[in-house]
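To start, the structure under review is shown below, and the notes come after it.
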Amino acid sequence: MEKSRSVLAFGTWWRTPANAEWTTGPRWLISLSGESELALLSWGSEDGSQSTIAFSPGGSAWYGHRHTADGDVLEVRGQFSGAQVIPSATWYEFDTEAETDEGRHPAGRLRVLVDDGGQAALRWVNWQDRSGTTWSIMLRSASPSGNADVTDLVSSVWASAEYRDADEVALNLVDDSPSKWLAFDDRASVEFELSQPVPVTSYALVSANDFSERDPAEWTLRGSPDGYLWHTLDTRADQSFDHRHQAKQYPIAEPGPYDRYRLDIAGTSGSEGEVQLQSLRLRSVGSGGFVGYRQRAGEPPTAYRGTRVAPAPAGTPGTPLPDGLPVRPALPAGTPYLPGGSVPLVRTDFSDDGAWAATCQRATAVRHSNGLTVHSGVEPVDDIRFEGLTAAQLVQRIPAGAKWSLLLAADRLTMTSPERAVLVIGLDDDTHGETFRATPMAAREAEVNVSLLANMDWESSADNADDDGIVRAISVYDPVPFDDE
């Protein structure tokens, strides 16, 4: 194996300051490309642990100290036990550049591996070789702030079930509030799409505010580059939370550059038919590269930075989701969320501008009935990015906070129907994604009766369809603006 890929394995021992006896510790793996022979090495991890060790000449042994994540102070020592081949996904690999008075210039490839047997990701590393050259790097994430939490890169969220009536929806999982996601099913799935591929190195689940029996106890986290083939990243069973609003973090052994992550919950702590979470956080240390410095012996320090070379996906090929798991309907890249406000009438067919104009006129016209003026609560949405979308796809683009009980779509059948019958799509928990077809005025009536007056439910509205499958307006309007209504 070439030097830049060699991994030094060490047997380790530790003891507390009050104890003269050494206890056997976990195997440590260390490799830093580009150095001559390591003399000193320090590092810190995401859990707050920090270590500093000094190498004997030749690098066969080292001695140092460690501050653990629990706050304990330990003496540590190690003995070289051989070289090992490590999967590339466990490395941090960077294209680097140094900055001098003449500007920035390439400084070669840097590969970093420091594994002290813990589960937390590396956060910073300092080292010095026998020539006296010192390096110091601080890893940063792909998040704009450089913070390890990359949840702000999530661009859309989908769930197999959610409690929309109480705003306990899947989008709550990625905000910063104590709101939660609740599904009336103890086996549920949530899928997150990111604005760019990111190798997530760990994730955290946060328990919700009440009923510990709803907490997830068994799940699988998967990653995908295309939404079809998935790589299993982490599987857990017999998990529990000690208290409400508790965050528990889990490492990912072999991260990959995925822009879709999916949590499939297979069981809870006791509830039959309910699962909830306050939030899910995605963390990615090093995905945004590093900042730091390099200083040769007797010279001033220079700026030193690196751009992450994305790790390859896991060696095992991705596979379709197992049978029985809910599948998120695919969305074209760049599909926006629907605008908030009034109930949208979304144009999904662009074959006939005249038919669309007539549909909009009927859906938005002011009507009069029994001396009352009836204004439209419908907002036409004319955006080519919604072309061809189905009802199942449209319900994925509902913005957070929308209070609609239904939305409307003007599809191919609308454009060819003399009455411009639109597709009415249910959004309440028990009608989510269900559809019926109605004239624009009848669709307006359904929205008022179902969501505002609550004097008619979804089934009653849908059951009013005539023999041709179209629901028509019940009220009489004066004047009648269109003969066919």
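Every chain in the structure tokens takes a letter, A first, then B, and so on in the order presented; its residues are numbered from 1, and the ligands are numbered from 1 following the presented order.
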Contact residues around stretch 185-191 of chain A with only C-alpha atoms at 8 Å, ignoring same-chain residues under 5 positions, as a ChimeraX atom specification = /A:157-161,170,214,260-268,271-275,325-326,328
Selection to disk with C-alpha atoms, as a short mmCIF file (atom, residue, chain, number, x, y, z; two decimals), in the first residue's frame:
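Output file part_15.cif is given in full below:
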```cif
data_model
loop_
_atom_site.label_atom_id
_atom_site.label_comp_id
_atom_site.auth_asym_id
_atom_site.auth_seq_id
_atom_site.Cartn_x
_atom_site.Cartn_y
_atom_site.Cartn_z
CA VAL A 157 -39.34 16.76 3.61
CA TRP A 158 -41.77 13.95 2.90
CA ALA A 159 -43.48 11.60 5.37
CA SER A 160 -45.57 8.51 4.85
CA ALA A 161 -48.00 9.96 7.42
CA ALA A 170 -42.73 16.27 9.05
CA ARG A 214 -44.51 6.94 21.03
CA ARG A 260 -31.41 12.16 0.07
CA TYR A 261 -31.67 10.63 3.53
CA ARG A 262 -34.50 8.47 4.77
CA LEU A 263 -35.50 7.28 8.25
CA ASP A 264 -37.66 4.14 8.29
CA ILE A 265 -39.13 3.54 11.76
CA ALA A 266 -40.05 -0.09 12.35
CA GLY A 267 -41.29 0.10 15.94
CA THR A 268 -41.83 2.27 19.00
CA SER A 271 -47.46 2.60 21.32
CA GLU A 272 -49.52 0.70 18.79
CA GLY A 273 -50.39 3.07 15.99
CA GLU A 274 -48.49 6.25 16.93
CA VAL A 275 -44.92 7.50 16.50
CA LEU A 325 -41.92 0.33 2.76
CA PRO A 326 -43.81 3.40 1.50
CA ARG A 328 -42.07 8.78 -2.04
#
```
Within 9 Å of A:Arg347 using only C-alpha atoms, minus same-chain residues under 3 positions, as a list in words = Phe350, Trp356, Pro380, Val381, Asp382, Asp383, Ile384, Phe386, Glu387, Gly388, Leu408, Ala409, Ala410 and Asp411 of chain A
Would you save the residues of that selection, restricted to C-alpha atoms, as a PDB file, in the first residue's frame?
```pdb
ATOM      1  CA  PHE A 350     -49.726  23.743 -20.700  1.00  0.00           C
ATOM      2  CA  TRP A 356     -56.413  27.784 -18.785  1.00  0.00           C
ATOM      3  CA  PRO A 380     -54.163  30.482  -9.814  1.00  0.00           C
ATOM      4  CA  VAL A 381     -50.584  29.169  -9.995  1.00  0.00           C
ATOM      5  CA  ASP A 382     -49.161  29.298 -13.535  1.00  0.00           C
ATOM      6  CA  ASP A 383     -45.613  27.872 -13.275  1.00  0.00           C
ATOM      7  CA  ILE A 384     -44.113  25.539 -15.892  1.00  0.00           C
ATOM      8  CA  PHE A 386     -45.453  22.076 -12.065  1.00  0.00           C
ATOM      9  CA  GLU A 387     -46.065  20.624 -15.541  1.00  0.00           C
ATOM     10  CA  GLY A 388     -47.205  17.015 -15.477  1.00  0.00           C
ATOM     11  CA  LEU A 408     -57.046  22.262  -7.006  1.00  0.00           C
ATOM     12  CA  ALA A 409     -55.234  21.192 -10.154  1.00  0.00           C
ATOM     13  CA  ALA A 410     -55.950  22.091 -13.767  1.00  0.00           C
ATOM     14  CA  ASP A 411     -54.683  19.055 -15.662  1.00  0.00           C
TER      15      ASP A 411
END
```
Per residue of stretch 195-298 of chain A within 9 Å of stretch 126-132 of chain A, which atom pair is closest and at what distance in Å (one decimal), using only C-alpha atoms, listed by chain and increasing number, as a Markdown table?
```
| residue | atom | partner | partner_atom | distance |
| --- | --- | --- | --- | --- |
| A:Gln295 | CA | A:Gly132 | CA | 8.5 |
| A:Arg296 | CA | A:Gly132 | CA | 6.5 |
| A:Ala297 | CA | A:Gly132 | CA | 4.9 |
| A:Gly298 | CA | A:Gly132 | CA | 8.5 |
```
Fewer than 4 positions away in the same chain doesn't count, so skip those; otherwise give me all residues within 7 Å of stretch 227-241 of chain A, counting only C-alpha atoms, as number ranges by chain.
-> A: 207, 217-223, 246, 252, 254, 260, 269, 318-321
Mind dumping the selected residues with N, CA, C and O atoms as a tab-separated table (two decimals), in the first residue's frame?
```tsv
chain	number	residue	atom	x	y	z
A	207	SER	N	-36.35	13.39	21.21
A	207	SER	CA	-37.66	12.92	21.64
A	207	SER	C	-38.64	14.09	21.77
A	207	SER	O	-38.26	15.22	22.07
A	217	ALA	N	-38.14	3.16	18.62
A	217	ALA	CA	-37.26	2.21	19.29
A	217	ALA	C	-36.45	1.38	18.31
A	217	ALA	O	-35.43	0.80	18.67
A	218	GLU	N	-36.90	1.34	17.07
A	218	GLU	CA	-36.23	0.52	16.04
A	218	GLU	C	-36.33	1.25	14.71
A	218	GLU	O	-37.43	1.66	14.31
A	219	TRP	N	-35.20	1.42	14.03
A	219	TRP	CA	-35.23	2.16	12.76
A	219	TRP	C	-34.00	1.86	11.92
A	219	TRP	O	-33.01	1.28	12.40
A	220	THR	N	-34.06	2.29	10.67
A	220	THR	CA	-32.94	2.23	9.72
A	220	THR	C	-32.81	3.57	9.04
A	220	THR	O	-33.81	4.15	8.59
A	221	LEU	N	-31.59	4.09	8.96
A	221	LEU	CA	-31.30	5.30	8.20
A	221	LEU	C	-30.64	4.91	6.90
A	221	LEU	O	-29.69	4.12	6.89
A	222	ARG	N	-31.14	5.46	5.80
A	222	ARG	CA	-30.61	5.16	4.47
A	222	ARG	C	-30.22	6.44	3.75
A	222	ARG	O	-30.79	7.51	4.02
A	223	GLY	N	-29.29	6.34	2.80
A	223	GLY	CA	-28.90	7.46	1.96
A	223	GLY	C	-28.97	7.06	0.50
A	223	GLY	O	-28.78	5.89	0.15
A	246	GLN	N	-34.97	14.94	24.69
A	246	GLN	CA	-33.59	14.44	24.76
A	246	GLN	C	-33.05	14.17	23.35
A	246	GLN	O	-33.73	13.56	22.52
A	252	ILE	N	-22.30	7.47	11.78
A	252	ILE	CA	-22.42	6.71	10.53
A	252	ILE	C	-21.03	6.23	10.15
A	252	ILE	O	-20.13	7.05	9.91
A	254	GLU	N	-19.79	4.55	7.51
A	254	GLU	CA	-19.32	4.74	6.14
A	254	GLU	C	-20.22	5.76	5.44
A	254	GLU	O	-21.15	5.41	4.72
A	260	ARG	N	-30.15	12.63	-0.50
A	260	ARG	CA	-31.41	12.16	0.07
A	260	ARG	C	-31.11	11.23	1.24
A	260	ARG	O	-30.30	10.30	1.11
A	269	SER	N	-41.54	2.47	21.40
A	269	SER	CA	-41.29	1.97	22.75
A	269	SER	C	-42.52	1.33	23.38
A	269	SER	O	-42.42	0.80	24.49
A	318	GLY	N	-26.12	0.13	-4.04
A	318	GLY	CA	-27.42	0.50	-3.54
A	318	GLY	C	-28.50	-0.43	-4.06
A	318	GLY	O	-28.35	-1.07	-5.10
A	319	THR	N	-29.59	-0.52	-3.32
A	319	THR	CA	-30.69	-1.39	-3.71
A	319	THR	C	-32.00	-0.63	-3.57
A	319	THR	O	-32.09	0.33	-2.80
A	320	PRO	N	-33.04	-1.05	-4.31
A	320	PRO	CA	-34.36	-0.44	-4.10
A	320	PRO	C	-34.83	-0.69	-2.68
A	320	PRO	O	-34.33	-1.58	-1.98
A	321	LEU	N	-35.79	0.09	-2.24
A	321	LEU	CA	-36.33	-0.08	-0.90
A	321	LEU	C	-36.96	-1.47	-0.74
A	321	LEU	O	-37.54	-2.00	-1.70
```
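Nearest-residue note for A:Asp430: choosing from A:Gln396, A:Leu194, A:Phe184, A:Gln249, the minimum distance belongs to A:Phe184, counting only C-alpha atoms.
Rounded to one decimal, atom CA of A:Tyr258 and atom CA of A:Ala208 lie 27.1 Å from each other.
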Could you check how far atom CA of A:Gly108 sits from atom CA of A:Thr96, in Å to one decimal?
->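 Straight-line distance from atom CA of A:Gly108 to atom CA of A:Thr96 works out to 5.6 Å.
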DSSP on the backbone: what in stretch 284-459 of chain A comes out strand (DSSP E or B), as a VMD selection string?
-> chain A and resid 290 to 295 302 to 308 319 343 to 347 367 to 369 372 to 374 378 to 381 406 to 410 422 to 426 435 to 438
What gap, in Å, lies between atom CA of A:Gln196 and atom CA of A:Leu282?
->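 So the answer is 13.3 Å.
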Determine, counting only C-alpha atoms, which protein, DNA and RNA residues have an atom within 7 Å of an atom of A:Ala120; residues of the same chain fewer than 5 positions away are not included. Present the result as an MDAnalysis selection string.
-> chainID A and resid 45:47 251
Would you output that residue set with C-alpha atoms, as a PDB file, in the first residue's frame?
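Output saved as selection_19.pdb:
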```
ATOM      1  CA  SER A  45     -13.769  15.255  18.593  1.00  0.00           C
ATOM      2  CA  GLU A  46     -17.390  16.330  18.368  1.00  0.00           C
ATOM      3  CA  ASP A  47     -18.180  14.936  21.808  1.00  0.00           C
ATOM      4  CA  PRO A 251     -22.452   7.885  14.140  1.00  0.00           C
TER       5      PRO A 251
END
```
